[in-house]
file model.cif (mmCIF, C-alpha atoms)
data_model
loop_
_atom_site.group_PDB
_atom_site.id
_atom_site.type_symbol
_atom_site.label_atom_id
_atom_site.label_comp_id
_atom_site.auth_asym_id
_atom_site.auth_seq_id
_atom_site.Cartn_x
_atom_site.Cartn_y
_atom_site.Cartn_z
ATOM 1 C CA MET Q 1 28.164 -21.060 -20.954
ATOM 2 C CA GLU Q 2 28.115 -17.367 -21.789
ATOM 3 C CA PHE Q 3 25.718 -14.823 -20.236
ATOM 4 C CA GLN Q 4 22.626 -14.220 -22.373
ATOM 5 C CA PRO Q 5 21.118 -10.746 -21.923
ATOM 6 C CA LEU Q 6 17.330 -10.589 -21.893
ATOM 7 C CA ASN Q 7 15.036 -7.777 -22.967
ATOM 8 C CA ILE Q 8 13.151 -6.762 -19.845
ATOM 9 C CA ALA Q 9 10.257 -4.296 -19.606
ATOM 10 C CA ILE Q 10 9.513 -2.450 -16.354
ATOM 11 C CA LEU Q 11 5.945 -1.442 -15.517
ATOM 12 C CA THR Q 12 5.188 0.711 -12.484
ATOM 13 C CA ILE Q 13 1.617 0.590 -11.193
ATOM 14 C CA SER Q 14 0.697 3.794 -9.380
ATOM 15 C CA ASP Q 15 -1.920 6.514 -9.193
ATOM 16 C CA THR Q 16 0.622 9.016 -7.876
ATOM 17 C CA ARG Q 17 4.117 8.283 -9.209
ATOM 18 C CA SER Q 18 5.749 9.942 -12.187
ATOM 19 C CA GLU Q 19 9.020 9.208 -13.957
ATOM 20 C CA ALA Q 20 10.663 11.806 -11.714
ATOM 21 C CA ASP Q 21 9.848 9.976 -8.462
ATOM 22 C CA ASP Q 22 9.538 6.314 -9.503
ATOM 23 C CA LYS Q 23 12.142 4.937 -7.103
ATOM 24 C CA SER Q 24 10.977 1.318 -7.469
ATOM 25 C CA GLY Q 25 11.132 1.466 -11.255
ATOM 26 C CA ASP Q 26 14.543 3.140 -11.035
ATOM 27 C CA THR Q 27 15.748 0.379 -8.707
ATOM 28 C CA LEU Q 28 14.661 -2.358 -11.111
ATOM 29 C CA VAL Q 29 16.195 -0.607 -14.128
ATOM 30 C CA SER Q 30 19.479 -0.206 -12.281
ATOM 31 C CA LEU Q 31 19.513 -3.843 -11.118
ATOM 32 C CA LEU Q 32 18.703 -5.329 -14.515
ATOM 33 C CA THR Q 33 21.121 -3.153 -16.482
ATOM 34 C CA ASN Q 34 23.925 -3.693 -13.966
ATOM 35 C CA ALA Q 35 23.368 -7.430 -14.436
ATOM 36 C CA GLY Q 36 23.848 -7.035 -18.193
ATOM 37 C CA HIS Q 37 20.228 -7.199 -19.360
ATOM 38 C CA CYS Q 38 18.569 -4.676 -21.683
ATOM 39 C CA LEU Q 39 15.728 -2.343 -20.755
ATOM 40 C CA ALA Q 40 13.171 -3.029 -23.485
ATOM 41 C CA LYS Q 41 10.369 -0.699 -22.333
ATOM 42 C CA ARG Q 42 9.374 1.292 -19.287
ATOM 43 C CA SER Q 43 6.013 2.749 -18.399
ATOM 44 C CA ILE Q 44 3.786 3.871 -15.538
ATOM 45 C CA VAL Q 45 0.082 3.027 -15.492
ATOM 46 C CA LYS Q 46 -2.671 3.845 -13.015
ATOM 47 C CA ASP Q 47 -4.052 1.258 -10.596
ATOM 48 C CA GLU Q 48 -6.796 0.229 -13.031
ATOM 49 C CA ILE Q 49 -7.229 -3.465 -13.732
ATOM 50 C CA THR Q 50 -7.919 -3.029 -17.458
ATOM 51 C CA LEU Q 51 -4.982 -0.644 -18.002
ATOM 52 C CA ILE Q 52 -2.606 -3.082 -16.277
ATOM 53 C CA ALA Q 53 -3.951 -6.178 -18.061
ATOM 54 C CA ASP Q 54 -3.861 -4.372 -21.410
ATOM 55 C CA LYS Q 55 -0.203 -3.378 -20.894
ATOM 56 C CA PHE Q 56 0.715 -6.934 -19.840
ATOM 57 C CA SER Q 57 -1.047 -8.275 -22.929
ATOM 58 C CA GLU Q 58 0.482 -5.697 -25.301
ATOM 59 C CA TRP Q 59 4.020 -6.179 -24.049
ATOM 60 C CA SER Q 60 3.734 -9.987 -23.886
ATOM 61 C CA LYS Q 61 2.920 -10.020 -27.609
ATOM 62 C CA ASN Q 62 5.988 -7.921 -28.441
ATOM 63 C CA PRO Q 63 8.729 -10.281 -29.724
ATOM 64 C CA GLU Q 64 11.369 -7.838 -28.458
ATOM 65 C CA ILE Q 65 10.320 -8.365 -24.812
ATOM 66 C CA ASP Q 66 11.323 -11.547 -22.967
ATOM 67 C CA VAL Q 67 10.322 -10.548 -19.428
ATOM 68 C CA ILE Q 68 7.959 -8.050 -17.816
ATOM 69 C CA ILE Q 69 8.532 -6.967 -14.224
ATOM 70 C CA SER Q 70 5.918 -4.791 -12.571
ATOM 71 C CA THR Q 71 6.150 -2.953 -9.289
ATOM 72 C CA GLY Q 72 3.164 -1.783 -7.273
ATOM 73 C CA GLY Q 73 -0.449 -2.719 -6.757
ATOM 74 C CA THR Q 74 0.181 -6.036 -4.973
ATOM 75 C CA GLY Q 75 -1.132 -5.037 -1.541
ATOM 76 C CA LEU Q 76 -4.535 -5.457 0.058
ATOM 77 C CA THR Q 77 -6.245 -2.107 -0.467
ATOM 78 C CA ARG Q 78 -9.149 -1.566 -2.839
ATOM 79 C CA ARG Q 79 -6.853 0.070 -5.430
ATOM 80 C CA ASP Q 80 -4.304 -2.816 -5.384
ATOM 81 C CA VAL Q 81 -5.377 -4.813 -8.450
ATOM 82 C CA THR Q 82 -2.158 -5.987 -10.122
ATOM 83 C CA PRO Q 83 -2.675 -9.679 -9.187
ATOM 84 C CA GLU Q 84 -6.217 -9.518 -10.564
ATOM 85 C CA ALA Q 85 -4.900 -7.973 -13.799
ATOM 86 C CA LEU Q 86 -2.280 -10.710 -14.054
ATOM 87 C CA ALA Q 87 -4.995 -13.336 -13.587
ATOM 88 C CA LEU Q 88 -6.861 -11.926 -16.593
ATOM 89 C CA VAL Q 89 -3.922 -12.584 -18.939
ATOM 90 C CA ALA Q 90 -2.055 -15.489 -17.299
ATOM 91 C CA GLU Q 91 -1.745 -18.683 -19.312
ATOM 92 C CA LYS Q 92 0.444 -20.494 -16.767
ATOM 93 C CA ASN Q 93 0.977 -19.443 -13.167
ATOM 94 C CA ILE Q 94 4.311 -19.685 -11.385
ATOM 95 C CA PRO Q 95 3.117 -19.959 -7.752
ATOM 96 C CA GLY Q 96 6.589 -20.692 -6.385
ATOM 97 C CA PHE Q 97 7.687 -17.151 -7.249
ATOM 98 C CA GLY Q 98 5.280 -15.500 -4.807
ATOM 99 C CA GLU Q 99 5.930 -18.128 -2.164
ATOM 100 C CA LEU Q 100 9.699 -17.696 -2.382
ATOM 101 C CA PHE Q 101 9.402 -13.899 -2.546
ATOM 102 C CA ARG Q 102 7.451 -13.829 0.728
ATOM 103 C CA TRP Q 103 9.988 -16.135 2.389
ATOM 104 C CA ILE Q 104 12.849 -13.854 1.304
ATOM 105 C CA SER Q 105 10.893 -10.744 2.277
ATOM 106 C CA TYR Q 106 10.136 -12.232 5.692
ATOM 107 C CA GLN Q 107 13.868 -12.131 6.462
ATOM 108 C CA ASN Q 108 13.740 -8.321 6.089
ATOM 109 C CA ILE Q 109 10.268 -7.195 7.153
ATOM 110 C CA GLY Q 110 8.957 -10.066 9.244
ATOM 111 C CA THR Q 111 5.272 -10.869 9.231
ATOM 112 C CA SER Q 112 4.433 -7.720 7.254
ATOM 113 C CA THR Q 113 5.308 -9.772 4.157
ATOM 114 C CA ILE Q 114 1.925 -11.481 4.463
ATOM 115 C CA GLN Q 115 0.391 -8.320 2.963
ATOM 116 C CA SER Q 116 2.245 -8.891 -0.322
ATOM 117 C CA ARG Q 117 0.546 -10.639 -3.208
ATOM 118 C CA ALA Q 118 3.683 -10.883 -5.353
ATOM 119 C CA ASP Q 119 3.098 -13.374 -8.140
ATOM 120 C CA ALA Q 120 4.266 -14.543 -11.567
ATOM 121 C CA ALA Q 121 2.899 -16.094 -14.728
ATOM 122 C CA ILE Q 122 3.652 -16.790 -18.368
ATOM 123 C CA THR Q 123 1.616 -15.137 -21.114
ATOM 124 C CA ASN Q 124 2.288 -15.387 -24.848
ATOM 125 C CA GLY Q 125 5.647 -16.988 -24.033
ATOM 126 C CA THR Q 126 6.663 -13.993 -21.889
ATOM 127 C CA TYR Q 127 7.424 -14.100 -18.176
ATOM 128 C CA ILE Q 128 5.531 -11.600 -16.018
ATOM 129 C CA PHE Q 129 6.675 -10.995 -12.442
ATOM 130 C CA ILE Q 130 4.690 -8.685 -10.168
ATOM 131 C CA LEU Q 131 6.460 -7.162 -7.177
ATOM 132 C CA PRO Q 132 5.379 -4.776 -4.419
ATOM 133 C CA GLY Q 133 5.890 -1.070 -4.959
ATOM 134 C CA SER Q 134 8.876 -0.399 -2.720
ATOM 135 C CA PRO Q 135 12.544 -0.274 -3.703
ATOM 136 C CA GLY Q 136 13.348 -2.783 -0.939
ATOM 137 C CA ALA Q 137 10.808 -5.282 -2.250
ATOM 138 C CA CYS Q 138 12.125 -4.821 -5.785
ATOM 139 C CA ARG Q 139 15.651 -5.445 -4.547
ATOM 140 C CA ASP Q 140 14.492 -8.565 -2.614
ATOM 141 C CA GLY Q 141 12.745 -9.937 -5.711
ATOM 142 C CA TRP Q 142 15.678 -9.236 -7.999
ATOM 143 C CA GLU Q 143 18.565 -10.236 -5.760
ATOM 144 C CA GLY Q 144 16.794 -13.166 -4.121
ATOM 145 C CA ILE Q 145 15.172 -14.736 -7.201
ATOM 146 C CA LEU Q 146 15.344 -12.999 -10.548
ATOM 147 C CA ALA Q 147 19.084 -12.346 -10.764
ATOM 148 C CA ASP Q 148 19.697 -16.111 -10.756
ATOM 149 C CA GLN Q 149 16.607 -17.267 -12.613
ATOM 150 C CA LEU Q 150 17.174 -14.792 -15.455
ATOM 151 C CA ASP Q 151 20.813 -15.871 -15.830
ATOM 152 C CA ILE Q 152 21.370 -18.778 -18.222
ATOM 153 C CA ARG Q 153 24.467 -19.763 -16.245
ATOM 154 C CA HIS Q 154 22.506 -20.512 -13.049
ATOM 155 C CA LYS Q 155 22.297 -24.234 -12.355
ATOM 156 C CA PRO Q 156 20.632 -26.639 -11.974
ATOM 157 C CA CYS Q 157 17.958 -24.738 -13.933
ATOM 158 C CA ASN Q 158 16.717 -21.246 -14.748
ATOM 159 C CA PHE Q 159 13.911 -19.400 -16.516
ATOM 160 C CA THR Q 160 16.171 -18.197 -19.325
ATOM 161 C CA GLU Q 161 16.870 -21.676 -20.676
ATOM 162 C CA LEU Q 162 13.123 -22.229 -21.135
ATOM 163 C CA ILE Q 163 12.343 -19.072 -23.127
ATOM 164 C CA GLY Q 164 12.666 -20.745 -26.526
ATOM 165 C CA ARG Q 165 10.200 -23.451 -25.479
ATOM 166 C CA LEU Q 166 7.502 -21.211 -23.970
ATOM 167 C CA LYS Q 167 5.741 -20.266 -27.203
#

call {"tool": "encode", "arguments": {"input": "model.cif", "output": "structure tokens"}}
result
Amino acid sequence: MEFQPLNIAILTISDTRSEADDKSGDTLVSLLTNAGHCLAKRSIVKDEITLIADKFSEWSKNPEIDVIISTGGTGLTRRDVTPEALALVAEKNIPGFGELFRWISYQNIGTSTIQSRADAAITNGTYIFILPGSPGACRDGWEGILADQLDIRHKPCNFTELIGRLK
């Protein structure tokens, strides 16, 4: 089977980052393009639940976007609201993503991984993966899970093969 590139949008959640210093977003863009996927959109939004949910909803309705990956806002502070925004738009949750992410992350940062609320869901037939806001966490999520699951050649199964049946 031949590689099937996906259109992936990257959303950075931050009150302080700009395009000039968005290292986590840069990491994800580099990883996905090096893997052969296409960057469909990229944006930065503030840690505001409605702004995040609105962007998830807007992008999930765009037929030119297969996958949304966000970085940031998954911690425990008052301003960390990405999981709550995801919950507002999620049609189907993918709980195994967050569980596996924390297991992978544990190998690198030990028990500090318990502070991550990484998660995933499907909305409007589009995958949404939310990762912590550090380049290391983005690399863990991509290399440990998404690189395989977003590759049609990965067996015994992968997210890519289901895309046509999600809508």

call {"tool": "resolve_selection", "arguments": {"input": "model.cif", "expression": "the PyMOL selection byres ((chain Q and resi 14-25) around 9)", "output": "PDB file with C-alpha atoms, keeping the file's coordinate frame"}}
result
ATOM      1  CA  ILE Q  10       9.513  -2.450 -16.354  1.00  0.00           C
ATOM      2  CA  LEU Q  11       5.945  -1.442 -15.517  1.00  0.00           C
ATOM      3  CA  THR Q  12       5.188   0.711 -12.484  1.00  0.00           C
ATOM      4  CA  ILE Q  13       1.617   0.590 -11.193  1.00  0.00           C
ATOM      5  CA  ASP Q  26      14.543   3.140 -11.035  1.00  0.00           C
ATOM      6  CA  THR Q  27      15.748   0.379  -8.707  1.00  0.00           C
ATOM      7  CA  LEU Q  28      14.661  -2.358 -11.111  1.00  0.00           C
ATOM      8  CA  VAL Q  29      16.195  -0.607 -14.128  1.00  0.00           C
ATOM      9  CA  SER Q  30      19.479  -0.206 -12.281  1.00  0.00           C
ATOM     10  CA  ARG Q  42       9.374   1.292 -19.287  1.00  0.00           C
ATOM     11  CA  SER Q  43       6.013   2.749 -18.399  1.00  0.00           C
ATOM     12  CA  ILE Q  44       3.786   3.871 -15.538  1.00  0.00           C
ATOM     13  CA  VAL Q  45       0.082   3.027 -15.492  1.00  0.00           C
ATOM     14  CA  LYS Q  46      -2.671   3.845 -13.015  1.00  0.00           C
ATOM     15  CA  ASP Q  47      -4.052   1.258 -10.596  1.00  0.00           C
ATOM     16  CA  GLU Q  48      -6.796   0.229 -13.031  1.00  0.00           C
ATOM     17  CA  SER Q  70       5.918  -4.791 -12.571  1.00  0.00           C
ATOM     18  CA  THR Q  71       6.150  -2.953  -9.289  1.00  0.00           C
ATOM     19  CA  GLY Q  72       3.164  -1.783  -7.273  1.00  0.00           C
ATOM     20  CA  GLY Q  73      -0.449  -2.719  -6.757  1.00  0.00           C
ATOM     21  CA  ARG Q  79      -6.853   0.070  -5.430  1.00  0.00           C
ATOM     22  CA  PRO Q 132       5.379  -4.776  -4.419  1.00  0.00           C
ATOM     23  CA  GLY Q 133       5.890  -1.070  -4.959  1.00  0.00           C
ATOM     24  CA  SER Q 134       8.876  -0.399  -2.720  1.00  0.00           C
ATOM     25  CA  PRO Q 135      12.544  -0.274  -3.703  1.00  0.00           C
ATOM     26  CA  GLY Q 136      13.348  -2.783  -0.939  1.00  0.00           C
ATOM     27  CA  ALA Q 137      10.808  -5.282  -2.250  1.00  0.00           C
ATOM     28  CA  CYS Q 138      12.125  -4.821  -5.785  1.00  0.00           C
ATOM     29  CA  ARG Q 139      15.651  -5.445  -4.547  1.00  0.00           C
TER      30      ARG Q 139
END

call {"tool": "atom_distance", "arguments": {"input": "model.cif", "atom1": "CA of Gly98 in chain Q", "atom2": "CA of Ala118 in chain Q"}}
result
4.9 Å

call {"tool": "closest_residue", "arguments": {"input": "model.cif", "among": "Q:Leu166, Q:Leu31, Q:Leu6, Q:Cys157", "to": "Gly141 in chain Q", "atoms": "all atoms listed in the file"}}
result
Q:Leu31

call {"tool": "atom_distance", "arguments": {"input": "model.cif", "atom1": "CA of Glu91 in chain Q", "atom2": "CA of Gly144 in chain Q"}}
result
24.6 Å

call {"tool": "atom_distance", "arguments": {"input": "model.cif", "atom1": "CA of Arg153 in chain Q", "atom2": "CA of Asn34 in chain Q"}}
result
16.2 Å

call {"tool": "residues_near_point", "arguments": {"input": "model.cif", "point": "(3.6, -19.7, -16.1)", "cutoff": "8 Å", "atoms": "only C-alpha atoms", "output": "JSON, numbers by chain"}}
result
{"Q": [90, 91, 92, 93, 94, 120, 121, 122, 123, 127]}

call {"tool": "closest_atom_pairs", "arguments": {"input": "model.cif", "of": "range 17-77 of chain Q", "to": "range 108-114 of chain Q", "cutoff": "12 Å", "atoms": "all atoms listed in the file", "output": "Markdown table"}}
result
| residue | atom | partner | partner_atom | distance |
| --- | --- | --- | --- | --- |
| Q:Thr74 | CA | Q:Ile114 | CA | 11.0 |
| Q:Gly75 | CA | Q:Ile114 | CA | 9.3 |
| Q:Leu76 | CA | Q:Ile114 | CA | 9.9 |

call {"tool": "residues_around", "arguments": {"input": "model.cif", "residues": "Gln149 in chain Q", "least_positions_apart": "6", "cutoff": "12 Å", "atoms": "all atoms listed in the file", "output": "list in words"}}
result
Gln4, Leu6, Val67, Phe97, Tyr127, Phe129, Gly141, Trp142, Glu143, Lys155, Pro156, Cys157, Asn158, Phe159, Thr160, Glu161, Leu162 and Ile163 of chain Q

call {"tool": "residues_around", "arguments": {"input": "model.cif", "residues": "Ala35 in chain Q", "least_positions_apart": "5", "cutoff": "9 Å", "atoms": "only C-alpha atoms", "output": "PyMOL selection string"}}
result
chain Q and resi 5+30+147+151

call {"tool": "resolve_selection", "arguments": {"input": "model.cif", "expression": "the PyMOL selection byres ((chain Q and resi 59-66) around 8)", "output": "list in words"}}
result
Leu6, Asn7, Ile8, Ala9, Ala40, Lys55, Phe56, Ser57, Glu58, Val67, Ile68, Thr123, Asn124, Gly125, Thr126, Tyr127 and Ile163 of chain Q

call {"tool": "closest_residue", "arguments": {"input": "model.cif", "among": "Q:His37, Q:Phe101, Q:Arg117, Q:Glu2", "to": "Thr77 in chain Q", "atoms": "only C-alpha atoms"}}
result
Q:Arg117
